[in-house]
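In what follows, a structure is listed as structure tokens, so that the remarks can point back to it.
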Amino acid sequence: MSSNNCYDVTTWPVGNPSEDVGEVINSIIADIKARQTVTDVNNGGKPGAVIYIPPGDYHLRTQVVIDVSFLRIQGSGHGFTSSSIRFNVPEEEWVGLHELWPGGSRILVDIPLGEDGEESKGAAFYVARSGSPRISSIEFSNFCIDGLHFTPDGSGMPPENTYVNGKTGIYVADANDSFRVNGMGFVYLENALTVYKADALSIHDNFIAECGSCIELRGWGQASKITDNLVGAGPKGHSIYAENHGGLLITANNVFPRGASSVHLNGVTRSSITNNRLHSFYPGMVILANSSENLVATNHFLRDHEPWTPFLGVDNGLDDLNGLLRVSGSNNTVVANHFSQIIDSESIRPAGATPVIIRLKAGVANFVSNNHVVAMDVHSTSSDSCFEAQVDALLTTQAADSLAVTAVMVDSESARNTILDSGSDAQVIADRALNAFRATPTVGFQAAHAFVAQ
């Protein structure tokens, strides 16, 4: 028996989904609300609905406003492909490309932007409902939201490389519970996913890249998770950002370089950043700002150089004294992380400085233990081929020499920390009277060179 709570945007009688799928989805939501009016019938009442977006291209010129619970919007393919690579290929070569645009079940965000610059008005999907209970169980699954083009920002960068266009994929404005964003593709949006006041939010197995900012959890929230995503923001935005959250789980994400930060937590407590692969072209990869009692464990940090010609000279404005991991807060645990600092010593800023890996800026009683640092001085190269240049850079382990680094730096505003086996005596800068310290044992110079020579 078919259900009248399952909708297909291509068969709904109102609107043309190819021209404005936003009008179609809003009409479907209006129908759901008109039919599901009773709150309690036989211990049920408002089951919600599924809206299906088949594979194809659907322009969205009217913002979708979601104010009902238990709604799932789903497609049949996240459709991600790199628009950045395409737009940085000479136009005369486009004729030889297999495809020019993302695919799958693809939403093309064509919302006209106003002059006031209000962020929420540029969102393809706007979720808002006040009152009690909180809006719950909204799911976005398996389709692509494509911002199409970036625009000039006054920087002199080619417009398609600015990561600016005023467009947002999904914007959740009000307190919410048990939302799910799974298997989605987001590309060429200034903000991919912005969620306020989240409780038990799941952002899982998405492809969110080539967006100004990828995942931002704002306001406050609890007990949410960001897991198994492929994520990469632009140099002015966040790949993963959260503020005033408790019990947040950030695990098993592969975070691409070029974002201003890989993970930035502000006012976050009792949360975990674990088992992620984090890659950046700049310092300031993971930032714990005013954040306490968090676990940062078994992550792989890689800091190297931008190898792709169109983005040479672009950075996040931080110098190498900032650290790859910067902590301001108390009682955080930083254990068993691997850090690879693979840079050209000629590029270090300020010139002649010793780059910092872990920096404890402020707070007390942080525990740093058993972290491993590999630091190599390499001659950086670049290429016009994004894919080949980056793969070559990742696979190259030959280096001219080791690079001197400060494995752990403890500022005067931070005290009573414990630092164990995370750097040799010479690699840790800390007041030994105010912090507990045990150095990583070092191998004698002659023994090390004798081993290498064998």
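Identifiers in the structure tokens: chain A, B, ... in order shown; residue index from 1 per chain; ligand index from 1 in order shown.
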Query raised in the report: Can you tell me, as a ChimeraX atom specification, what residues are no more than 10 Å from Asn244 (chain A) when counting only C-alpha atoms, ignoring any on the same chain fewer than 4 positions away?
Result: /A:197,217-222,265-269,290-291
Query - Test item: residues at most 12 Å from Arg277 (chain A), only C-alpha atoms, excluding those fewer than 4 positions along its chain, as a PyMOL selection string - result: chain A and resi 227-232+250-257+262-263+273+285-286+297-303+337-340
Include N, CA and C atoms and write out the residues we just selected as a PDB file, in the first residue's frame.
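Contents of again.pdb, as written:
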```
ATOM      1  N   THR A 227      31.274  12.927  12.505  1.00  0.00           N
ATOM      2  CA  THR A 227      32.024  11.684  12.326  1.00  0.00           C
ATOM      3  C   THR A 227      32.106  11.272  10.858  1.00  0.00           C
ATOM      4  N   ASP A 228      33.261  10.745  10.496  1.00  0.00           N
ATOM      5  CA  ASP A 228      33.465  10.097   9.189  1.00  0.00           C
ATOM      6  C   ASP A 228      33.161  11.009   8.000  1.00  0.00           C
ATOM      7  N   ASN A 229      33.438  12.290   8.152  1.00  0.00           N
ATOM      8  CA  ASN A 229      33.217  13.212   7.046  1.00  0.00           C
ATOM      9  C   ASN A 229      34.515  13.501   6.305  1.00  0.00           C
ATOM     10  N   LEU A 230      34.395  13.878   5.043  1.00  0.00           N
ATOM     11  CA  LEU A 230      35.477  14.427   4.248  1.00  0.00           C
ATOM     12  C   LEU A 230      35.211  15.925   4.159  1.00  0.00           C
ATOM     13  N   VAL A 231      36.126  16.742   4.713  1.00  0.00           N
ATOM     14  CA  VAL A 231      35.833  18.151   4.963  1.00  0.00           C
ATOM     15  C   VAL A 231      37.012  19.018   4.527  1.00  0.00           C
ATOM     16  N   GLY A 232      36.719  20.153   3.907  1.00  0.00           N
ATOM     17  CA  GLY A 232      37.787  21.084   3.572  1.00  0.00           C
ATOM     18  C   GLY A 232      37.255  22.464   3.263  1.00  0.00           C
ATOM     19  N   ILE A 250      34.094  14.516  17.881  1.00  0.00           N
ATOM     20  CA  ILE A 250      34.645  14.780  16.554  1.00  0.00           C
ATOM     21  C   ILE A 250      35.631  13.658  16.262  1.00  0.00           C
ATOM     22  N   THR A 251      35.234  12.715  15.424  1.00  0.00           N
ATOM     23  CA  THR A 251      35.988  11.471  15.269  1.00  0.00           C
ATOM     24  C   THR A 251      36.008  11.004  13.822  1.00  0.00           C
ATOM     25  N   ALA A 252      37.175  10.486  13.423  1.00  0.00           N
ATOM     26  CA  ALA A 252      37.336   9.775  12.144  1.00  0.00           C
ATOM     27  C   ALA A 252      37.007  10.641  10.936  1.00  0.00           C
ATOM     28  N   ASN A 253      37.269  11.943  11.052  1.00  0.00           N
ATOM     29  CA  ASN A 253      37.101  12.820   9.905  1.00  0.00           C
ATOM     30  C   ASN A 253      38.427  12.954   9.158  1.00  0.00           C
ATOM     31  N   ASN A 254      38.338  13.124   7.852  1.00  0.00           N
ATOM     32  CA  ASN A 254      39.501  13.419   7.031  1.00  0.00           C
ATOM     33  C   ASN A 254      39.374  14.880   6.629  1.00  0.00           C
ATOM     34  N   VAL A 255      40.181  15.743   7.253  1.00  0.00           N
ATOM     35  CA  VAL A 255      40.070  17.183   7.049  1.00  0.00           C
ATOM     36  C   VAL A 255      41.156  17.632   6.082  1.00  0.00           C
ATOM     37  N   PHE A 256      40.725  18.197   4.962  1.00  0.00           N
ATOM     38  CA  PHE A 256      41.634  18.611   3.911  1.00  0.00           C
ATOM     39  C   PHE A 256      42.303  19.939   4.260  1.00  0.00           C
ATOM     40  N   PRO A 257      43.426  20.247   3.596  1.00  0.00           N
ATOM     41  CA  PRO A 257      44.094  21.530   3.855  1.00  0.00           C
ATOM     42  C   PRO A 257      43.338  22.701   3.226  1.00  0.00           C
ATOM     43  N   SER A 262      41.583  23.448  11.056  1.00  0.00           N
ATOM     44  CA  SER A 262      40.963  22.132  10.861  1.00  0.00           C
ATOM     45  C   SER A 262      39.809  21.937  11.841  1.00  0.00           C
ATOM     46  N   VAL A 263      40.100  22.172  13.128  1.00  0.00           N
ATOM     47  CA  VAL A 263      39.079  22.104  14.182  1.00  0.00           C
ATOM     48  C   VAL A 263      39.293  23.300  15.099  1.00  0.00           C
ATOM     49  N   ILE A 273      38.222  15.118  20.481  1.00  0.00           N
ATOM     50  CA  ILE A 273      38.742  15.176  19.106  1.00  0.00           C
ATOM     51  C   ILE A 273      39.671  13.986  18.971  1.00  0.00           C
ATOM     52  N   MET A 285      46.196  24.643  13.344  1.00  0.00           N
ATOM     53  CA  MET A 285      45.344  23.583  12.816  1.00  0.00           C
ATOM     54  C   MET A 285      44.183  23.259  13.755  1.00  0.00           C
ATOM     55  N   VAL A 286      44.500  23.048  15.030  1.00  0.00           N
ATOM     56  CA  VAL A 286      43.472  22.768  16.038  1.00  0.00           C
ATOM     57  C   VAL A 286      43.599  23.808  17.136  1.00  0.00           C
ATOM     58  N   ALA A 297      43.174  13.143  21.130  1.00  0.00           N
ATOM     59  CA  ALA A 297      43.941  11.894  21.190  1.00  0.00           C
ATOM     60  C   ALA A 297      43.976  11.184  19.845  1.00  0.00           C
ATOM     61  N   THR A 298      45.109  10.543  19.586  1.00  0.00           N
ATOM     62  CA  THR A 298      45.339   9.652  18.438  1.00  0.00           C
ATOM     63  C   THR A 298      44.925  10.283  17.112  1.00  0.00           C
ATOM     64  N   ASN A 299      45.197  11.568  16.962  1.00  0.00           N
ATOM     65  CA  ASN A 299      44.990  12.231  15.683  1.00  0.00           C
ATOM     66  C   ASN A 299      46.305  12.281  14.913  1.00  0.00           C
ATOM     67  N   HIS A 300      46.211  12.363  13.597  1.00  0.00           N
ATOM     68  CA  HIS A 300      47.389  12.570  12.760  1.00  0.00           C
ATOM     69  C   HIS A 300      47.338  13.994  12.208  1.00  0.00           C
ATOM     70  N   PHE A 301      48.316  14.803  12.606  1.00  0.00           N
ATOM     71  CA  PHE A 301      48.440  16.180  12.122  1.00  0.00           C
ATOM     72  C   PHE A 301      49.514  16.212  11.027  1.00  0.00           C
ATOM     73  N   LEU A 302      49.197  16.789   9.896  1.00  0.00           N
ATOM     74  CA  LEU A 302      50.192  17.027   8.854  1.00  0.00           C
ATOM     75  C   LEU A 302      50.163  18.494   8.456  1.00  0.00           C
ATOM     76  N   ARG A 303      51.272  19.171   8.660  1.00  0.00           N
ATOM     77  CA  ARG A 303      51.451  20.538   8.175  1.00  0.00           C
ATOM     78  C   ARG A 303      52.510  20.509   7.083  1.00  0.00           C
ATOM     79  N   ASN A 337      49.143  11.694  19.958  1.00  0.00           N
ATOM     80  CA  ASN A 337      48.956  12.261  18.628  1.00  0.00           C
ATOM     81  C   ASN A 337      50.267  12.200  17.849  1.00  0.00           C
ATOM     82  N   HIS A 338      50.143  12.092  16.526  1.00  0.00           N
ATOM     83  CA  HIS A 338      51.306  12.153  15.651  1.00  0.00           C
ATOM     84  C   HIS A 338      51.289  13.486  14.910  1.00  0.00           C
ATOM     85  N   PHE A 339      52.421  14.199  14.954  1.00  0.00           N
ATOM     86  CA  PHE A 339      52.555  15.479  14.268  1.00  0.00           C
ATOM     87  C   PHE A 339      53.643  15.361  13.206  1.00  0.00           C
ATOM     88  N   SER A 340      53.322  15.688  11.974  1.00  0.00           N
ATOM     89  CA  SER A 340      54.306  15.780  10.903  1.00  0.00           C
ATOM     90  C   SER A 340      54.384  17.236  10.453  1.00  0.00           C
TER      91      SER A 340
END
```
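Every residue of region 247-302 of chain A with a DSSP assignment of strand (DSSP E), taken from the backbone, is listed as Leu249, Ile250, Thr251, Asn254, Val255, Ser261, Ser262, Val263, His264, Leu265, Asn266, Ser272, Ile273, Thr274, Arg277, Leu278, His279, Ser280, Val286, Ile287, Leu288, Ala289, Leu295, Val296, Ala297, His300, Phe301 and Leu302 of chain A.
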Once you have the residues from the selection above, write them out as a tab-separated table (two decimals), in the first residue's frame, restricted to C-alpha atoms.
```
chain	number	residue	atom	x	y	z
A	249	LEU	CA	32.37	13.96	19.52
A	250	ILE	CA	34.64	14.78	16.55
A	251	THR	CA	35.99	11.47	15.27
A	254	ASN	CA	39.50	13.42	7.03
A	255	VAL	CA	40.07	17.18	7.05
A	261	SER	CA	41.70	25.84	10.86
A	262	SER	CA	40.96	22.13	10.86
A	263	VAL	CA	39.08	22.10	14.18
A	264	HIS	CA	38.32	25.23	16.21
A	265	LEU	CA	36.54	24.89	19.55
A	266	ASN	CA	35.46	27.96	21.50
A	272	SER	CA	36.60	14.67	22.20
A	273	ILE	CA	38.74	15.18	19.11
A	274	THR	CA	39.95	11.67	18.33
A	277	ARG	CA	43.42	12.81	9.93
A	278	LEU	CA	44.10	16.56	9.84
A	279	HIS	CA	46.03	18.25	7.03
A	280	SER	CA	46.84	21.94	6.74
A	286	VAL	CA	43.47	22.77	16.04
A	287	ILE	CA	42.47	25.54	18.42
A	288	LEU	CA	41.00	25.06	21.87
A	289	ALA	CA	39.93	28.55	22.97
A	295	LEU	CA	40.35	14.93	25.01
A	296	VAL	CA	42.62	15.35	21.96
A	297	ALA	CA	43.94	11.89	21.19
A	300	HIS	CA	47.39	12.57	12.76
A	301	PHE	CA	48.44	16.18	12.12
A	302	LEU	CA	50.19	17.03	8.85
```
Query - Selected residue, from A:Asn435, A:Thr11, A:Ser347, A:Ser83, that lies nearest to Ile419 (chain A) when counting only C-alpha atoms - result: A:Asn435
Report task. Using only C-alpha atoms, find the one residue out of A:Phe311, A:Tyr196, A:Phe367, A:Tyr241 that sits nearest to Ser292 (chain A). Result ->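 The answer is A:Phe367, which sits nearest to Ser292 (chain A).
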Query - For Asp411 (chain A): contacts at 12 Å, only C-alpha atoms, fewer than 3 positions along chain excluded, given as a list in words - result: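 Close residues of Asp411 (chain A): Leu321, Asn322, Gly323, Arg326, Val327, Ser328, Val356, Ile358, Arg359, Leu360, Lys361, Ala362, Gly363, Val364, Val408, Ser414, Ala415, Arg416, Asn417, Val428, Ile429, Ala430, Asp431, Arg432, Leu434 and Asn435 of chain A.
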Report task. Find the spatial neighbours of Pro112 (chain A), counting only C-alpha atoms, within a cut-off of 8 Å - ignore same-chain residues fewer than 2 positions away - and output them as a list in words. Result ->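 Near neighbours after the sequence-gap exclusion: Arg61, Asp110, Gly114 and Gly122 of chain A.
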Query raised in the report: Which value, in Å to one decimal, gives the distance between CA of Phe87 (chain A) and CA of Thr168 (chain A)?
Result: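 Straight-line distance from CA of Phe87 (chain A) to CA of Thr168 (chain A) works out to 20.2 Å.
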Requested in this report: Fewer than 3 positions away in the same chain doesn't count, so skip those; otherwise give me all residues within 9 Å of Ile170 (chain A), counting only C-alpha atoms, as a list in words.
Outcome: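 Within the cut-off, the hits are Ala123, Ala124, Phe125, Tyr126, Val127, Ile145, Asn191, Ala192, Leu193, Thr194 and Val195 of chain A.
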Report task. Go through A:Glu93, A:Gln427, A:Lys236, A:Val368 one by one, measure the shortest atom-to-atom distance of each to Ser155 (chain A) using only C-alpha atoms, and give the residue with the smallest value. Result ->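 When distances to Ser155 (chain A) are compared using only C-alpha atoms, the smallest one comes from A:Lys236.
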Query raised in the report: If you measure from CA of Tyr282 (chain A) to CA of Ser84 (chain A), what distance in Å do you get, rounded to one decimal?
Result: 19.7 Å
Requested in this report: Write out as an NGL selection string the residues lying within 8 Å of Gly259 (chain A), counting only C-alpha atoms and excluding same-chain residues fewer than 5 positions away.
Outcome: :A and (213 or 232-239 or 280 or 316)
With C-alpha atoms retained, could you export that selection as a short mmCIF file (atom, residue, chain, number, x, y, z; two decimals), in the first residue's frame?
```cif
data_model
loop_
_atom_site.label_atom_id
_atom_site.label_comp_id
_atom_site.auth_asym_id
_atom_site.auth_seq_id
_atom_site.Cartn_x
_atom_site.Cartn_y
_atom_site.Cartn_z
CA SER A 213 33.21 27.35 5.97
CA GLY A 232 37.79 21.08 3.57
CA ALA A 233 37.12 24.82 3.94
CA GLY A 234 38.68 27.91 2.40
CA PRO A 235 41.47 30.01 3.94
CA LYS A 236 39.05 32.50 5.52
CA GLY A 237 36.74 29.93 7.12
CA HIS A 238 36.43 26.93 9.40
CA SER A 239 36.46 23.30 8.39
CA SER A 280 46.84 21.94 6.74
CA ASN A 316 45.52 32.16 7.29
#
```
Query raised in the report: Counting only C-alpha atoms, what is within 9 Å of Asp177 (chain A), bar same-chain residues fewer than 4 positions away, as a PyMOL selection string?
Result: chain A and resi 134-138+197-201
Could the residues in this selection be written to a file with C-alpha atoms, as a PDB file, in the first residue's frame?
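That gives us again_14.pdb:
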```
ATOM      1  CA  ARG A 134      11.930  21.752  19.900  1.00  0.00           C
ATOM      2  CA  ILE A 135      11.789  20.888  16.236  1.00  0.00           C
ATOM      3  CA  SER A 136      13.101  17.324  15.956  1.00  0.00           C
ATOM      4  CA  SER A 137      14.284  14.607  13.602  1.00  0.00           C
ATOM      5  CA  ILE A 138      14.922  16.580  10.448  1.00  0.00           C
ATOM      6  CA  LYS A 197      21.472  25.217  19.542  1.00  0.00           C
ATOM      7  CA  ALA A 198      21.910  21.576  18.574  1.00  0.00           C
ATOM      8  CA  ASP A 199      21.107  18.613  20.804  1.00  0.00           C
ATOM      9  CA  ALA A 200      22.055  15.099  19.637  1.00  0.00           C
ATOM     10  CA  LEU A 201      22.974  16.278  16.142  1.00  0.00           C
TER      11      LEU A 201
END
```
Query raised in the report: In terms of the shortest atom-to-atom distance over only C-alpha atoms, which of A:Glu160, A:Arg180, A:Val41, A:Gly313 is closest to Arg72 (chain A)?
Result: A:Arg180
Report task. List every residue of region 84-296 of chain A that DSSP, applied to the backbone of this structure, places in alpha helix (DSSP H), and write the result as an MDAnalysis selection string. Result -> chainID A and resid 84:87
